[in-house]
Number of protein chains: 2
Amino acid sequence: MPRANRGQVVALEDGLFREFPLDPLTRKICLHLNPPSLAEHLADVDRLRESLEPLLGPVTVPLSLMRIIPEVCRKQDWVVTATVGLTGRNWDLVGLEPGDTSGRHFGLAVDIGTTTVVAYLVDMRTGGVLGAAADYNSQVVFGEDILTRIYLAGTADGLVRMQKSVVDTLNGLVKQLAERCAVAPEEVTAAVAGGNTTMVHFLLGLDPSRICREPYSPAVNNPGFLRAQEIGLKINPLAILYCLPGVSSYVGGDVIAGVLVSGMHRREELALFVDIGTNAEMVLGNKDWLVACAGAAGPALEGGVARAGMRAEPGAIKSVRIDQQSRRVHYQVIGNGKPRGICGSGLVDCLAEFLLCGIIDRSARFRNGRASFTLVPAAESATGEEITVTQVDLDNLMRTKGAVNAALETLLEGVGLGIGEITRFYAAGAFGQYLDPESAITIGLFPDLPRERIVRLGNSSGEGARQVLLSNRKRLEAEEIVRRITYFELNASQQFMNKFAGSKFLPHTNLDYYPTVKEKLKQRGIAVDD
Amino acid sequence: MPRANRGQVVALEDGLFREFPLDPLTRKICLHLNPPSLAEHLADVDRLRESLEPLLGPVTVPLSLMRIIPEVCRKQDWVVTATVGLTGRNWDLVGLEPGDTSGRHFGLAVDIGTTTVVAYLVDMRTGGVLGAAADYNSQVVFGEDILTRIYLAGTADGLVRMQKSVVDTLNGLVKQLAERCAVAPEEVTAAVAGGNTTMVHFLLGLDPSRICREPYSPAVNNPGFLRAQEIGLKINPLAILYCLPGVSSYVGGDVIAGVLVSGMHRREELALFVDIGTNAEMVLGNKDWLVACAGAAGPALEGGVARAGMRAEPGAIKSVRIDQQSRRVHYQVIGNGKPRGICGSGLVDCLAEFLLCGIIDRSARFRNGRASFTLVPAAESATGEEITVTQVDLDNLMRTKGAVNAALETLLEGVGLGIGEITRFYAAGAFGQYLDPESAITIGLFPDLPRERIVRLGNSSGEGARQVLLSNRKRLEAEEIVRRITYFELNASQQFMNKFAGSKFLPHTNLDYYPTVKEKLKQRGIAVDD
């Protein structure tokens with residue numbers, strides 16, 4: 001991300017980088033204190049506090065810092081640099097260093113995904129990202145999917161282990177980034193996390209069991225201001241920890257981050273934000289209103305479900321093209337080696353290409369009675385086994401697509417609007433990184449809108465975390481988005497279930513909703529009425 | 001202490017009990033929450049916070065409470081009682097209990113003396129004291145006097161042991177009180193401590209070494225709001241812990257408590273507050289101005305210094321009368337058993353009686369060349385040894401008295417006033433419990449004022465702590481007193497040293513300052529010009 005002049009910082013918004021004023025979660029203030037003398041009886045802690053209070057109002061000093069203040073003040077002749085953080089209405093002292101260290105001020109923005117955790121080390125003086133690091137969420141060993149982990153959290157020590165696991169992953173990333181950027185972990189005095197509601201519960205060690213049980217009440221949607229040491233995060237122990245607030249069990253802080261990054265909540269035009277993972281989460285609206293819902297999309301795109309499925313890592317087929325005439329398969333592999341399997345974006349391509357080449361019909365069934373399609377012969381693969389896509393794989397993917405369709409239509413009907421009225425479509429999620437929007441439209445995962453209306457936000461959860469780390473105004477904006485969203489609970493919605501059950505065709509039961517796909521199929525001579 | 005109607009509480013002030021409005025450090029609020037439903041996606045923590053915020057503004061919820069909130073809310077069908085505490089500008093959640101427990105609300109007021117720790121269990125609904133308990137500060141095993149303890153705190157683990165020691169004493173008292181009053185320690189959600197600056201440093205585990213080294217800067221004078229768990233105090237771990245703020249290394253929160261309890265800072269009349277222990281601390285002033293100082297009085301009155309000295313506990317001679325003619329000694333023993341030694345108030349009586357009976361001269365030297373005076377013959381004592389007062393004992397006591405005289409005179413000269421202008425004299429400290437004011441005046445420890453101007457405040461440190469526990473207004477008043485006090489540092493004052501060196505006579509070098517003593521001596525035919 002580009003740097004900006006001090007005091008301003010650029011942010012991804014509406015697919016563009018825009019400036020916003022720098023007002024980070026913690027501040028560093030260099031103070032030249034008067035040394036004590038016989039003529040003046042101020043105590044060290046009070047002296048420090050009294051020099052901060054004209055700038056900040058009341059400042060709370062934690063006992064652990066009181067214990068070091070006398071030494072720190074005397075190390076560089078009463079020149080010190082205080083780090084303070086705003087928690088609610090109070091400023092709290094977060095750290096104190098001897099001398100003027102105001103030139104070094106760091107924060108951590110993290111995106112805690114069910115599969116992947118991404119951390120950004122942020123220079124709080126410029127807003128720039130000094131380094132990024134990603135790793136699998138080590139909770140994966142307890143189960144790839146969220147429901148398994150929620151179940152395990154209910155067993156003895158399960159929650160503690162799940163919490164430690166994700167924090168261990170984070171600590172590993174912090175260590176990497178700190179070494180790479182020559183920053184001491186103690187110099188990181190603020191952290192903001194974006195994640196879905198369950199991941200935030202795990203991060204904080206909160207019981208997630210009610211998230212998946214009617215009436216789907218999480219323990220918390222907005223945890224407010226915490227301290228790094230409360231969860232064992234190895235940065236400055238008193239660092240302010242803020243988790244992006246969520247709306248409900250299924251529309252979490254990662255989604256709010258996406259809305260914040262999109263800027264849709266501040267514009268006239270009707271926009272739709274969609275994040276497709278195990279759940280398809282979406283927010284529809286503009287500056288006047290916002291509605292949100294989430295549909296269980298299933299894990300079809302998460303890797304590990306399809307027979308040859310894998311995560312988007314080296315060896316995964318990320319894109320597939322099939323020649324309609326020869327049926328020759330062209331594919332691209334992450335890392336350019338021999339393929340080991342296929343990731344979500346590759347599967348979406350397959351479904352789209354199968355349809356466009358007439359290999360499957362509009363209900364996603366193989367024509368000619370076949371049960372699978374071989375993408376890669378055994379001789380070409382890294383494992384020596386052929387890589388195939390099966391009917392079961394296609395059926396799983398159809399369920400995901402069906403959930404997305406059903407959720408979007410329920411949302412649109414709820415507000416009395418049609419798909420065509422969406423002026424801007426924001427696609428979020430690490431999944432979107434390799435996804436071909438054309439294929440996503442072809443299978444009906446994305447709406448068939450003029451292509452210039454489609455904006456891919458990349459890791460908007462991490463970017464939203466960075467913006468909130470750097471700006472208290474952005475944080476208040478995120479909290480305002482939460483308050484403004486009207487949430488539709490689809491888990492118990494008959495309307496959603498009906499639509500889901502009816503979403504059996506590619507790209508949609510009503511082909512007129514997908515004019516460009518209809519045209520493509522016609523051009524290719526594919527029957528569209530079967 | 002008497003109880004009052006709810007909403008009002010009585011306080012000792014100006015020697016009288018006066019009412020003040022009840023507004024304690026923590027509040028309990030019973031809430032009937034709406035249960036969650038499919039129609040409404042509020043999370044449990046947010047639900048609780050949103051029901052408190054219309055009453056209180058932003059409320060911070062610590063992570064440890066977030067972890068129990070879902071269970072607690074469901075235990076009594078969404079009826080809960082929240083305990084909240086004001087820390088700076090924020091309200092923090094301190095506890096949450098199922099059902100309506102607003103009828104049980106407890107706080108702890110403590111006086112942490114160098115020798116004795118006193119704890120009061122306070123009913124926060126009425127302001128009344130449910131129970132009081134006292135014990136020796138177990139730091140005594142490290143050294144009776146403060147300087148030895150400050151020295152030991154600088155050795156390996158010394159500070160940690162010293163901190164643990166005083167907290168252990170407190171925890172013992174809490175346990176006693178909790179059992180006696182049928183209150184669970186977790187039900188105690190606020191604590192206020194009054195103590196001298198060194199004792200507060202030990203309580204909080206802060207390095208006290210600079211308290212006794214020029215320029216006498218403590219680590220902190222006003223620690224602000226802490227939590228019980230930060231110091232290992234075994235009440236509710238999140239209970240708000242507030243230490244009465246001090247002015248300097250030698251005028252601590254115990255003195256500020258005394259001023260608060262006296263009410264002198266709110267009245268026209270000129271008043272003097274004195275607390276005599278190892279240091280003689282005094283505050284002079286009225287509603288317009290306040291000056292304070294402290295003089296090293298030495299440990300003469302603390303027990304353990306005089307050859308037969310002991311603390312004011314059973315077996316100690318607390319008062320002494322000597323017949324001028326027969327020189328027969330009449331004494332009273334604490335607990336009414338056989339005497340084992342003599343405590344501070346007994347020593348003061350001795351010095352006064354020796355003077356009034358002509359046993360010593362005005363410079364406190366035994367007449368007729370004797371080196372000691374036997375109070376109790378061996379046969380009458382509990383130990384089988386005679387109890388005597390030696391010339392060395394008298395010399396020590398003279399130094400204490402000299403320091404008190406010198407400090408008071410320095411203070412009075414600093415503001416250009418004379419002793420006679422003092423309209424009210426407040427004597428504080430556990431020491432004052434048995435002290436006979438007449439004897440204190442005779443030896444010049446107290447000024448020779450009309451007796452109705454003398455008010456003994458008892459344990460004003462503990463009473464001040466109770467008032468601050470029960471009233472945020474009183475707390476702000478205490479902080480205001482600190483800001484208003486002008487402190488005279490006597491440790492480096494030549495004027496004080498000169499006066500101290502000159503304070504060699506009983507009751508004073510200038511006998512005209514003590515007209516009633518002069519009269520008494522005359523009546524008894526004691527030479528006053530030697």
# chains A, B, ... in the order shown; residues from 1 in each chain; ligands from 1
>>> interface_residues(of="chain A", to="chain B", cutoff="6 Å", atoms="only C-alpha atoms", output="JSON list (two decimals) with N, CA and C atoms, in the first residue's frame")
[["chain", "number", "residue", "atom", "x", "y", "z"],
["A", 37, "SER", "N", 12.71, 18.63, 42.40],
["A", 37, "SER", "CA", 13.66, 19.39, 43.22],
["A", 37, "SER", "C", 13.04, 19.56, 44.59],
["A", 38, "LEU", "N", 13.84, 20.08, 45.51],
["A", 38, "LEU", "CA", 13.33, 20.28, 46.87],
["A", 38, "LEU", "C", 12.19, 21.29, 46.87],
["A", 41, "HIS", "N", 7.27, 19.15, 45.03],
["A", 41, "HIS", "CA", 7.13, 17.81, 45.60],
["A", 41, "HIS", "C", 6.38, 16.84, 44.72],
["A", 43, "ALA", "N", 5.32, 13.83, 42.52],
["A", 43, "ALA", "CA", 5.83, 12.46, 42.37],
["A", 43, "ALA", "C", 5.98, 12.15, 40.88],
["A", 44, "ASP", "N", 6.80, 11.13, 40.58],
["A", 44, "ASP", "CA", 7.13, 10.84, 39.19],
["A", 44, "ASP", "C", 5.90, 10.55, 38.33],
["A", 45, "VAL", "N", 5.03, 9.67, 38.84],
["A", 45, "VAL", "CA", 3.85, 9.29, 38.06],
["A", 45, "VAL", "C", 2.93, 10.51, 37.87],
["A", 46, "ASP", "N", 2.75, 11.27, 38.93],
["A", 46, "ASP", "CA", 1.88, 12.44, 38.87],
["A", 46, "ASP", "C", 2.47, 13.49, 37.92],
["A", 67, "ARG", "N", 5.34, 1.03, 38.09],
["A", 67, "ARG", "CA", 6.53, 0.39, 38.68],
["A", 67, "ARG", "C", 7.81, 0.74, 37.93],
["A", 70, "PRO", "N", 9.65, 5.61, 37.51],
["A", 70, "PRO", "CA", 10.79, 6.35, 38.10],
["A", 70, "PRO", "C", 12.11, 6.06, 37.38],
["A", 89, "ARG", "N", -13.80, 6.95, 26.97],
["A", 89, "ARG", "CA", -13.60, 8.38, 27.15],
["A", 89, "ARG", "C", -12.27, 8.72, 27.77],
["A", 90, "ASN", "N", -11.56, 7.70, 28.25],
["A", 90, "ASN", "CA", -10.30, 7.92, 28.96],
["A", 90, "ASN", "C", -9.11, 7.69, 28.05],
["A", 206, "LEU", "N", -13.93, -16.77, 24.14],
["A", 206, "LEU", "CA", -15.34, -16.71, 24.52],
["A", 206, "LEU", "C", -16.07, -17.93, 23.96],
["A", 215, "PRO", "N", -31.45, -18.95, 19.34],
["A", 215, "PRO", "CA", -31.61, -17.89, 18.33],
["A", 215, "PRO", "C", -30.29, -17.26, 17.87],
["A", 217, "SER", "N", -27.30, -16.31, 19.29],
["A", 217, "SER", "CA", -26.77, -15.13, 20.00],
["A", 217, "SER", "C", -25.29, -15.31, 20.28],
["A", 218, "PRO", "N", -24.45, -14.49, 19.73],
["A", 218, "PRO", "CA", -23.05, -14.56, 20.13],
["A", 218, "PRO", "C", -22.89, -14.03, 21.55],
["A", 219, "ALA", "N", -21.74, -14.32, 22.16],
["A", 219, "ALA", "CA", -21.45, -13.72, 23.46],
["A", 219, "ALA", "C", -21.28, -12.22, 23.30],
["A", 220, "VAL", "N", -20.60, -11.82, 22.23],
["A", 220, "VAL", "CA", -20.35, -10.39, 22.04],
["A", 220, "VAL", "C", -20.25, -10.08, 20.56],
["A", 221, "ASN", "N", -20.74, -8.92, 20.18],
["A", 221, "ASN", "CA", -20.52, -8.41, 18.83],
["A", 221, "ASN", "C", -19.45, -7.33, 18.80],
["A", 248, "SER", "N", -23.89, -9.77, 14.03],
["A", 248, "SER", "CA", -24.59, -10.96, 14.47],
["A", 248, "SER", "C", -23.64, -12.15, 14.40]]
>>> residues_around(residues="stretch 466-477 of chain B", least_positions_apart="4", cutoff="7 Å", atoms="only C-alpha atoms", output="list in words")
Ala11, Leu22, Asp23, Pro24, Leu25, Ala109, Met124, Gly127, Ala191, Val192, Gly462 and Ile481 of chain B
>>> write_last_selection(atoms="N, CA and C atoms", output="compact mmCIF listing (two decimals), in the first residue's frame")
# COMPACT_ATOMS: atom_id res chain seq x y z
N ALA B 11 -20.88 10.96 58.65
CA ALA B 11 -19.43 10.94 58.70
C ALA B 11 -18.94 11.71 59.89
N LEU B 22 -24.89 9.61 49.72
CA LEU B 22 -24.27 8.33 49.39
C LEU B 22 -24.10 8.23 47.87
N ASP B 23 -22.86 8.07 47.43
CA ASP B 23 -22.55 7.97 46.00
C ASP B 23 -21.26 7.16 45.90
N PRO B 24 -21.38 5.83 46.18
CA PRO B 24 -20.17 5.04 46.42
C PRO B 24 -19.34 4.77 45.16
N LEU B 25 -18.14 4.28 45.40
CA LEU B 25 -17.14 4.01 44.35
C LEU B 25 -17.66 2.99 43.34
N ALA B 109 -12.80 -0.40 53.64
CA ALA B 109 -11.99 0.79 53.92
C ALA B 109 -10.84 0.34 54.80
N MET B 124 -22.38 -0.70 51.60
CA MET B 124 -22.42 0.43 50.67
C MET B 124 -23.84 0.96 50.49
N GLY B 127 -23.87 2.89 54.26
CA GLY B 127 -22.68 3.61 54.69
C GLY B 127 -22.16 3.10 56.03
N ALA B 191 -12.47 -0.97 47.25
CA ALA B 191 -11.64 -0.82 48.44
C ALA B 191 -10.94 0.52 48.37
N VAL B 192 -10.88 1.20 49.51
CA VAL B 192 -10.13 2.45 49.58
C VAL B 192 -9.14 2.32 50.72
N GLY B 462 -8.60 5.72 58.43
CA GLY B 462 -9.64 4.74 58.11
C GLY B 462 -10.98 5.38 57.84
N ILE B 481 -8.04 18.75 48.01
CA ILE B 481 -7.18 19.10 49.15
C ILE B 481 -5.71 18.98 48.75
>>> closest_residue(among="B:Gly285, B:Pro299, B:Gly346, B:Gly315", to="B:Val333", atoms="only C-alpha atoms")
B:Gly315
>>> select_by_dssp(residues="stretch 194-441 of chain A", states="strand (DSSP E or B)", output="count of residues only")
60
